[in-house]
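The block underneath contains the structure these notes are about, expressed in structure tokens.
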Amino acid sequence: SVGVAVELDEGGVVRRARVVVGAVEPVPRALDVLAGARLDEDAIAETAHAVAASCDAADDRNVDATTRRDLVVALVRDALADVQAQVAA
């Protein structure tokens, strides 16, 4: 699971952003990301991969670590893209 909170300044630059990732490690992880960046496709993709790389995912009998990281990339990317779309609306 992934949750995001983003605060932008008047110019559309990220003032603060936090991503929380659960169900990948034994304890949920909160990461501060994107400060000073614009919320665009490149920043979203870069952030999604960085968050996934920071996770200490482990294999278990249901899912391997690589799949968990791939899911984190997709979930973070989708969550931040939703924020981007809300801002643009």
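Just so we're on the same page: first chain in the structure tokens is A, next is B, and so on; residues restart at 1 for each chain, and ligands are numbered from 1 in the order they show up.
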
Excluding Ala35 in chain A and any residue of its chain fewer than 3 positions from it, enumerate the residues within 9 Å of it, using only C-alpha atoms, and give them as a JSON list (two decimals) with N, CA, C and O atoms, in the first residue's frame.
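File produced: result-v3.json:
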```json
[["chain", "number", "residue", "atom", "x", "y", "z"],
["A", 13, "VAL", "N", 5.69, 24.41, -7.36],
["A", 13, "VAL", "CA", 6.88, 23.68, -6.92],
["A", 13, "VAL", "C", 6.55, 22.98, -5.61],
["A", 13, "VAL", "O", 5.87, 23.54, -4.74],
["A", 14, "VAL", "N", 7.04, 21.75, -5.46],
["A", 14, "VAL", "CA", 6.76, 20.98, -4.26],
["A", 14, "VAL", "C", 7.45, 21.62, -3.06],
["A", 14, "VAL", "O", 8.66, 21.79, -3.04],
["A", 15, "ARG", "N", 6.64, 22.00, -2.10],
["A", 15, "ARG", "CA", 7.16, 22.53, -0.84],
["A", 15, "ARG", "C", 7.53, 21.37, 0.08],
["A", 15, "ARG", "O", 8.59, 21.34, 0.67],
["A", 16, "ARG", "N", 6.59, 20.42, 0.19],
["A", 16, "ARG", "CA", 6.80, 19.20, 0.99],
["A", 16, "ARG", "C", 6.03, 18.07, 0.34],
["A", 16, "ARG", "O", 4.93, 18.28, -0.17],
["A", 17, "ALA", "N", 6.60, 16.88, 0.40],
["A", 17, "ALA", "CA", 5.89, 15.70, -0.07],
["A", 17, "ALA", "C", 6.39, 14.50, 0.72],
["A", 17, "ALA", "O", 7.58, 14.38, 1.01],
["A", 32, "ASP", "N", 10.43, 11.46, 2.82],
["A", 32, "ASP", "CA", 10.23, 12.81, 2.31],
["A", 32, "ASP", "C", 10.87, 12.86, 0.92],
["A", 32, "ASP", "O", 12.01, 12.44, 0.74],
["A", 38, "ARG", "N", 9.31, 20.26, -9.48],
["A", 38, "ARG", "CA", 7.98, 20.36, -10.07],
["A", 38, "ARG", "C", 7.41, 18.95, -10.15],
["A", 38, "ARG", "O", 8.13, 18.00, -10.40]]
```

From the DSSP assignment of the backbone, select every residue of range 5-85 of chain A that is strand (DSSP E), and format the answer as a PDB file with all heavy atoms, in the first residue's frame.
```pdb
ATOM      1  N   ALA A   5       1.236  12.564   0.422  1.00  0.00           N
ATOM      2  CA  ALA A   5       0.765  13.893   0.795  1.00  0.00           C
ATOM      3  C   ALA A   5       1.716  14.885   0.155  1.00  0.00           C
ATOM      4  O   ALA A   5       2.934  14.750   0.299  1.00  0.00           O
ATOM      5  CB  ALA A   5       0.748  14.057   2.308  1.00  0.00           C
ATOM      6  N   VAL A   6       1.164  15.836  -0.576  1.00  0.00           N
ATOM      7  CA  VAL A   6       1.990  16.796  -1.319  1.00  0.00           C
ATOM      8  C   VAL A   6       1.491  18.202  -1.033  1.00  0.00           C
ATOM      9  O   VAL A   6       0.290  18.475  -1.101  1.00  0.00           O
ATOM     10  CB  VAL A   6       1.928  16.519  -2.834  1.00  0.00           C
ATOM     11  CG1 VAL A   6       2.766  17.533  -3.601  1.00  0.00           C
ATOM     12  CG2 VAL A   6       2.381  15.103  -3.155  1.00  0.00           C
ATOM     13  N   GLU A   7       2.424  19.092  -0.734  1.00  0.00           N
ATOM     14  CA  GLU A   7       2.114  20.513  -0.569  1.00  0.00           C
ATOM     15  C   GLU A   7       2.925  21.287  -1.601  1.00  0.00           C
ATOM     16  O   GLU A   7       4.150  21.180  -1.642  1.00  0.00           O
ATOM     17  CB  GLU A   7       2.485  20.975   0.836  1.00  0.00           C
ATOM     18  CG  GLU A   7       2.197  22.432   1.086  1.00  0.00           C
ATOM     19  CD  GLU A   7       2.655  22.899   2.463  1.00  0.00           C
ATOM     20  OE1 GLU A   7       2.864  22.055   3.352  1.00  0.00           O
ATOM     21  OE2 GLU A   7       2.810  24.122   2.624  1.00  0.00           O
ATOM     22  N   LEU A   8       2.223  22.055  -2.438  1.00  0.00           N
ATOM     23  CA  LEU A   8       2.872  22.850  -3.478  1.00  0.00           C
ATOM     24  C   LEU A   8       2.838  24.325  -3.110  1.00  0.00           C
ATOM     25  O   LEU A   8       1.915  24.778  -2.431  1.00  0.00           O
ATOM     26  CB  LEU A   8       2.151  22.666  -4.813  1.00  0.00           C
ATOM     27  CG  LEU A   8       2.042  21.243  -5.349  1.00  0.00           C
ATOM     28  CD1 LEU A   8       1.144  21.222  -6.575  1.00  0.00           C
ATOM     29  CD2 LEU A   8       3.402  20.695  -5.677  1.00  0.00           C
ATOM     30  N   VAL A  14       7.042  21.754  -5.464  1.00  0.00           N
ATOM     31  CA  VAL A  14       6.764  20.976  -4.259  1.00  0.00           C
ATOM     32  C   VAL A  14       7.449  21.618  -3.063  1.00  0.00           C
ATOM     33  O   VAL A  14       8.663  21.794  -3.045  1.00  0.00           O
ATOM     34  CB  VAL A  14       7.231  19.514  -4.426  1.00  0.00           C
ATOM     35  CG1 VAL A  14       7.040  18.734  -3.135  1.00  0.00           C
ATOM     36  CG2 VAL A  14       6.506  18.848  -5.576  1.00  0.00           C
ATOM     37  N   ARG A  15       6.642  21.997  -2.101  1.00  0.00           N
ATOM     38  CA  ARG A  15       7.159  22.534  -0.845  1.00  0.00           C
ATOM     39  C   ARG A  15       7.526  21.368   0.079  1.00  0.00           C
ATOM     40  O   ARG A  15       8.592  21.335   0.673  1.00  0.00           O
ATOM     41  CB  ARG A  15       6.106  23.429  -0.205  1.00  0.00           C
ATOM     42  CG  ARG A  15       6.621  24.257   0.935  1.00  0.00           C
ATOM     43  CD  ARG A  15       5.559  25.205   1.454  1.00  0.00           C
ATOM     44  NE  ARG A  15       5.470  26.374   0.586  1.00  0.00           N
ATOM     45  CZ  ARG A  15       4.397  27.110   0.425  1.00  0.00           C
ATOM     46  NH1 ARG A  15       3.280  26.800   1.046  1.00  0.00           N
ATOM     47  NH2 ARG A  15       4.410  28.167  -0.340  1.00  0.00           N
ATOM     48  N   ARG A  16       6.593  20.421   0.194  1.00  0.00           N
ATOM     49  CA  ARG A  16       6.799  19.200   0.991  1.00  0.00           C
ATOM     50  C   ARG A  16       6.029  18.068   0.337  1.00  0.00           C
ATOM     51  O   ARG A  16       4.934  18.283  -0.174  1.00  0.00           O
ATOM     52  CB  ARG A  16       6.274  19.372   2.410  1.00  0.00           C
ATOM     53  CG  ARG A  16       7.149  20.178   3.307  1.00  0.00           C
ATOM     54  CD  ARG A  16       6.589  20.160   4.700  1.00  0.00           C
ATOM     55  NE  ARG A  16       5.361  20.956   4.720  1.00  0.00           N
ATOM     56  CZ  ARG A  16       5.080  21.879   5.612  1.00  0.00           C
ATOM     57  NH1 ARG A  16       5.904  22.104   6.590  1.00  0.00           N
ATOM     58  NH2 ARG A  16       3.966  22.570   5.561  1.00  0.00           N
ATOM     59  N   ALA A  17       6.600  16.884   0.401  1.00  0.00           N
ATOM     60  CA  ALA A  17       5.889  15.696  -0.072  1.00  0.00           C
ATOM     61  C   ALA A  17       6.387  14.501   0.719  1.00  0.00           C
ATOM     62  O   ALA A  17       7.576  14.383   1.006  1.00  0.00           O
ATOM     63  CB  ALA A  17       6.115  15.476  -1.560  1.00  0.00           C
ATOM     64  N   ARG A  18       5.464  13.662   1.083  1.00  0.00           N
ATOM     65  CA  ARG A  18       5.802  12.460   1.840  1.00  0.00           C
ATOM     66  C   ARG A  18       5.090  11.273   1.198  1.00  0.00           C
ATOM     67  O   ARG A  18       3.929  11.356   0.827  1.00  0.00           O
ATOM     68  CB  ARG A  18       5.377  12.595   3.292  1.00  0.00           C
ATOM     69  CG  ARG A  18       5.667  11.334   4.093  1.00  0.00           C
ATOM     70  CD  ARG A  18       5.594  11.585   5.543  1.00  0.00           C
ATOM     71  NE  ARG A  18       6.876  12.175   5.930  1.00  0.00           N
ATOM     72  CZ  ARG A  18       7.273  12.298   7.173  1.00  0.00           C
ATOM     73  NH1 ARG A  18       6.515  11.904   8.158  1.00  0.00           N
ATOM     74  NH2 ARG A  18       8.438  12.816   7.447  1.00  0.00           N
ATOM     75  N   VAL A  19       5.839  10.192   1.073  1.00  0.00           N
ATOM     76  CA  VAL A  19       5.300   8.930   0.583  1.00  0.00           C
ATOM     77  C   VAL A  19       5.425   7.926   1.709  1.00  0.00           C
ATOM     78  O   VAL A  19       6.489   7.810   2.333  1.00  0.00           O
ATOM     79  CB  VAL A  19       6.081   8.428  -0.654  1.00  0.00           C
ATOM     80  CG1 VAL A  19       5.610   7.048  -1.076  1.00  0.00           C
ATOM     81  CG2 VAL A  19       5.964   9.408  -1.809  1.00  0.00           C
ATOM     82  N   VAL A  20       4.343   7.213   1.981  1.00  0.00           N
ATOM     83  CA  VAL A  20       4.361   6.152   2.984  1.00  0.00           C
ATOM     84  C   VAL A  20       4.096   4.838   2.258  1.00  0.00           C
ATOM     85  O   VAL A  20       3.142   4.733   1.486  1.00  0.00           O
ATOM     86  CB  VAL A  20       3.299   6.382   4.081  1.00  0.00           C
ATOM     87  CG1 VAL A  20       3.322   5.243   5.093  1.00  0.00           C
ATOM     88  CG2 VAL A  20       3.525   7.721   4.766  1.00  0.00           C
ATOM     89  N   VAL A  21       4.975   3.863   2.501  1.00  0.00           N
ATOM     90  CA  VAL A  21       4.870   2.557   1.855  1.00  0.00           C
ATOM     91  C   VAL A  21       4.644   1.512   2.929  1.00  0.00           C
ATOM     92  O   VAL A  21       5.386   1.442   3.912  1.00  0.00           O
ATOM     93  CB  VAL A  21       6.162   2.231   1.073  1.00  0.00           C
ATOM     94  CG1 VAL A  21       6.067   0.863   0.427  1.00  0.00           C
ATOM     95  CG2 VAL A  21       6.459   3.304   0.047  1.00  0.00           C
ATOM     96  N   ARG A  29       7.189   2.455   5.916  1.00  0.00           N
ATOM     97  CA  ARG A  29       8.289   3.409   5.749  1.00  0.00           C
ATOM     98  C   ARG A  29       7.733   4.718   5.210  1.00  0.00           C
ATOM     99  O   ARG A  29       6.968   4.721   4.258  1.00  0.00           O
ATOM    100  CB  ARG A  29       9.301   2.838   4.767  1.00  0.00           C
ATOM    101  CG  ARG A  29      10.439   3.769   4.433  1.00  0.00           C
ATOM    102  CD  ARG A  29      11.326   3.154   3.369  1.00  0.00           C
ATOM    103  NE  ARG A  29      12.002   1.994   3.890  1.00  0.00           N
ATOM    104  CZ  ARG A  29      13.322   1.946   4.101  1.00  0.00           C
ATOM    105  NH1 ARG A  29      14.067   2.992   3.816  1.00  0.00           N
ATOM    106  NH2 ARG A  29      13.878   0.874   4.577  1.00  0.00           N
ATOM    107  N   ALA A  30       8.125   5.833   5.834  1.00  0.00           N
ATOM    108  CA  ALA A  30       7.745   7.164   5.365  1.00  0.00           C
ATOM    109  C   ALA A  30       8.979   7.854   4.816  1.00  0.00           C
ATOM    110  O   ALA A  30      10.038   7.847   5.453  1.00  0.00           O
ATOM    111  CB  ALA A  30       7.144   7.975   6.500  1.00  0.00           C
ATOM    112  N   LEU A  31       8.853   8.431   3.639  1.00  0.00           N
ATOM    113  CA  LEU A  31       9.975   9.098   2.987  1.00  0.00           C
ATOM    114  C   LEU A  31       9.572  10.499   2.547  1.00  0.00           C
ATOM    115  O   LEU A  31       8.500  10.685   1.964  1.00  0.00           O
ATOM    116  CB  LEU A  31      10.408   8.310   1.750  1.00  0.00           C
ATOM    117  CG  LEU A  31      10.866   6.885   2.012  1.00  0.00           C
ATOM    118  CD1 LEU A  31      10.677   6.032   0.796  1.00  0.00           C
ATOM    119  CD2 LEU A  31      12.318   6.919   2.420  1.00  0.00           C
ATOM    120  N   ASP A  32      10.426  11.461   2.821  1.00  0.00           N
ATOM    121  CA  ASP A  32      10.233  12.810   2.306  1.00  0.00           C
ATOM    122  C   ASP A  32      10.866  12.860   0.923  1.00  0.00           C
ATOM    123  O   ASP A  32      12.014  12.438   0.741  1.00  0.00           O
ATOM    124  CB  ASP A  32      10.879  13.833   3.240  1.00  0.00           C
ATOM    125  CG  ASP A  32      10.162  13.890   4.583  1.00  0.00           C
ATOM    126  OD1 ASP A  32       8.920  13.821   4.591  1.00  0.00           O
ATOM    127  OD2 ASP A  32      10.839  13.984   5.618  1.00  0.00           O
TER     128      ASP A  32
END
```

Please indicate the distance in Å from CA of Val51 in chain A to CA of Thr66 in chain A, rounded to one decimal place.
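Taking CA of Val51 in chain A as the start and CA of Thr66 in chain A as the end point, the length is 13.4 Å.
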
Could you please determine the separation between CA of Ala37 in chain A and CA of Cys55 in chain A in Å, to one decimal place?
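So the two atoms, CA of Ala37 in chain A and CA of Cys55 in chain A, lie 22.0 Å apart.
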
Report as a ChimeraX atom specification: the residues of chain A with a DSSP assignment of alpha helix (DSSP H), based on the backbone of this structure.
/A:41-54,65-88

Using only N, CA, C and O atoms, please write the residues we just selected to a file, as a compact mmCIF listing (two decimals), in the first residue's frame.
```txt
# COMPACT_ATOMS: atom_id res chain seq x y z
N GLU A 41 6.10 14.41 -15.02
CA GLU A 41 6.25 12.97 -15.27
C GLU A 41 7.64 12.46 -14.94
O GLU A 41 7.79 11.36 -14.39
N ASP A 42 8.67 13.22 -15.28
CA ASP A 42 10.04 12.78 -14.98
C ASP A 42 10.28 12.69 -13.48
O ASP A 42 10.86 11.71 -12.99
N ALA A 43 9.84 13.70 -12.74
CA ALA A 43 10.03 13.70 -11.28
C ALA A 43 9.23 12.57 -10.64
O ALA A 43 9.71 11.92 -9.70
N ILE A 44 8.04 12.31 -11.15
CA ILE A 44 7.22 11.22 -10.62
C ILE A 44 7.90 9.89 -10.85
O ILE A 44 8.02 9.06 -9.94
N ALA A 45 8.38 9.64 -12.06
CA ALA A 45 9.05 8.37 -12.37
C ALA A 45 10.31 8.19 -11.54
O ALA A 45 10.56 7.12 -10.97
N GLU A 46 11.11 9.24 -11.45
CA GLU A 46 12.35 9.18 -10.67
C GLU A 46 12.05 8.90 -9.20
O GLU A 46 12.71 8.07 -8.56
N THR A 47 11.05 9.55 -8.66
CA THR A 47 10.67 9.35 -7.27
C THR A 47 10.17 7.93 -7.03
O THR A 47 10.53 7.29 -6.05
N ALA A 48 9.33 7.43 -7.93
CA ALA A 48 8.80 6.07 -7.78
C ALA A 48 9.93 5.04 -7.73
O ALA A 48 9.93 4.15 -6.88
N HIS A 49 10.90 5.19 -8.60
CA HIS A 49 12.03 4.24 -8.61
C HIS A 49 12.91 4.42 -7.38
O HIS A 49 13.39 3.42 -6.82
N ALA A 50 13.12 5.64 -6.94
CA ALA A 50 13.94 5.88 -5.75
C ALA A 50 13.28 5.30 -4.50
O ALA A 50 13.96 4.71 -3.64
N VAL A 51 11.98 5.48 -4.38
CA VAL A 51 11.26 4.93 -3.22
C VAL A 51 11.37 3.41 -3.22
O VAL A 51 11.67 2.80 -2.20
N ALA A 52 11.14 2.80 -4.37
CA ALA A 52 11.23 1.34 -4.46
C ALA A 52 12.63 0.84 -4.12
O ALA A 52 12.79 -0.16 -3.40
N ALA A 53 13.64 1.54 -4.61
CA ALA A 53 15.02 1.13 -4.34
C ALA A 53 15.37 1.25 -2.86
O ALA A 53 16.22 0.50 -2.36
N SER A 54 14.72 2.15 -2.16
CA SER A 54 15.02 2.35 -0.74
C SER A 54 14.36 1.29 0.15
O SER A 54 14.72 1.16 1.32
N ALA A 65 10.90 -10.35 -3.65
CA ALA A 65 11.29 -8.95 -3.39
C ALA A 65 11.22 -8.09 -4.65
O ALA A 65 10.81 -6.93 -4.60
N THR A 66 11.60 -8.65 -5.78
CA THR A 66 11.57 -7.89 -7.04
C THR A 66 10.13 -7.48 -7.38
O THR A 66 9.89 -6.33 -7.77
N THR A 67 9.21 -8.39 -7.22
CA THR A 67 7.80 -8.07 -7.50
C THR A 67 7.30 -7.01 -6.54
O THR A 67 6.57 -6.09 -6.95
N ARG A 68 7.68 -7.10 -5.28
CA ARG A 68 7.27 -6.08 -4.31
C ARG A 68 7.78 -4.70 -4.73
O ARG A 68 7.04 -3.72 -4.69
N ARG A 69 9.05 -4.62 -5.14
CA ARG A 69 9.60 -3.33 -5.57
C ARG A 69 8.90 -2.82 -6.83
O ARG A 69 8.63 -1.63 -6.96
N ASP A 70 8.61 -3.73 -7.76
CA ASP A 70 7.88 -3.33 -8.97
C ASP A 70 6.50 -2.77 -8.62
O ASP A 70 6.04 -1.78 -9.22
N LEU A 71 5.85 -3.37 -7.65
CA LEU A 71 4.55 -2.87 -7.20
C LEU A 71 4.67 -1.49 -6.56
O LEU A 71 3.83 -0.62 -6.77
N VAL A 72 5.74 -1.28 -5.79
CA VAL A 72 5.96 0.03 -5.18
C VAL A 72 6.12 1.09 -6.26
O VAL A 72 5.53 2.16 -6.18
N VAL A 73 6.91 0.79 -7.30
CA VAL A 73 7.08 1.74 -8.40
C VAL A 73 5.71 2.11 -8.98
O VAL A 73 5.39 3.29 -9.14
N ALA A 74 4.91 1.11 -9.29
CA ALA A 74 3.60 1.37 -9.92
C ALA A 74 2.68 2.14 -8.98
O ALA A 74 2.01 3.09 -9.41
N LEU A 75 2.64 1.77 -7.71
CA LEU A 75 1.73 2.43 -6.77
C LEU A 75 2.15 3.88 -6.49
O LEU A 75 1.29 4.77 -6.43
N VAL A 76 3.44 4.12 -6.32
CA VAL A 76 3.91 5.49 -6.08
C VAL A 76 3.67 6.34 -7.32
O VAL A 76 3.16 7.47 -7.23
N ARG A 77 3.99 5.80 -8.49
CA ARG A 77 3.77 6.54 -9.73
C ARG A 77 2.29 6.90 -9.89
O ARG A 77 1.94 8.04 -10.19
N ASP A 78 1.40 5.94 -9.66
CA ASP A 78 -0.03 6.19 -9.81
C ASP A 78 -0.54 7.21 -8.79
O ASP A 78 -1.33 8.09 -9.13
N ALA A 79 -0.08 7.10 -7.55
CA ALA A 79 -0.53 8.03 -6.51
C ALA A 79 -0.08 9.46 -6.81
O ALA A 79 -0.86 10.40 -6.69
N LEU A 80 1.18 9.62 -7.23
CA LEU A 80 1.67 10.96 -7.54
C LEU A 80 1.03 11.50 -8.83
O LEU A 80 0.77 12.69 -8.94
N ALA A 81 0.75 10.63 -9.77
CA ALA A 81 0.05 11.06 -11.00
C ALA A 81 -1.36 11.52 -10.67
O ALA A 81 -1.86 12.47 -11.30
N ASP A 82 -2.01 10.88 -9.71
CA ASP A 82 -3.33 11.34 -9.29
C ASP A 82 -3.26 12.75 -8.70
O ASP A 82 -4.12 13.59 -8.97
N VAL A 83 -2.23 13.01 -7.88
CA VAL A 83 -2.05 14.35 -7.32
C VAL A 83 -1.80 15.34 -8.45
O VAL A 83 -2.40 16.42 -8.48
N GLN A 84 -0.95 14.98 -9.38
CA GLN A 84 -0.65 15.85 -10.52
C GLN A 84 -1.93 16.19 -11.29
O GLN A 84 -2.16 17.35 -11.65
N ALA A 85 -2.78 15.21 -11.52
CA ALA A 85 -4.02 15.45 -12.24
C ALA A 85 -4.97 16.35 -11.46
O ALA A 85 -5.63 17.22 -12.04
N GLN A 86 -5.02 16.19 -10.15
CA GLN A 86 -5.87 17.04 -9.32
C GLN A 86 -5.40 18.48 -9.36
O GLN A 86 -6.21 19.41 -9.40
N VAL A 87 -4.09 18.67 -9.35
CA VAL A 87 -3.52 20.03 -9.39
C VAL A 87 -3.82 20.69 -10.73
O VAL A 87 -4.13 21.88 -10.79
N ALA A 88 -3.75 19.91 -11.79
CA ALA A 88 -3.96 20.44 -13.14
C ALA A 88 -5.43 20.77 -13.40
O ALA A 88 -5.74 21.57 -14.28
```

One decimal, Å: what's the distance from CA of Ala57 in chain A over to CA of Val27 in chain A, could you say?
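Distance reported for this atom pair: 10.8 Å.
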
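Shortest separation to Leu34 in chain A among A:Ala58, A:Ala89, A:Val63, A:Val4 occurs at residue A:Val4, atoms counted being only C-alpha atoms.
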
For a quick check of understanding, using only C-alpha atoms, which of A:Val2, A:Gly12, A:Glu25, A:Arg61 has the smallest distance to Asp40 in chain A?
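When distances to Asp40 in chain A are compared using only C-alpha atoms, the smallest one comes from A:Gly12.
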
Nearest to Asp56 in chain A among A:Ser1, A:Leu39, A:Val33, A:Ala23, with distances taken over only C-alpha atoms: which residue is it?
A:Ala23
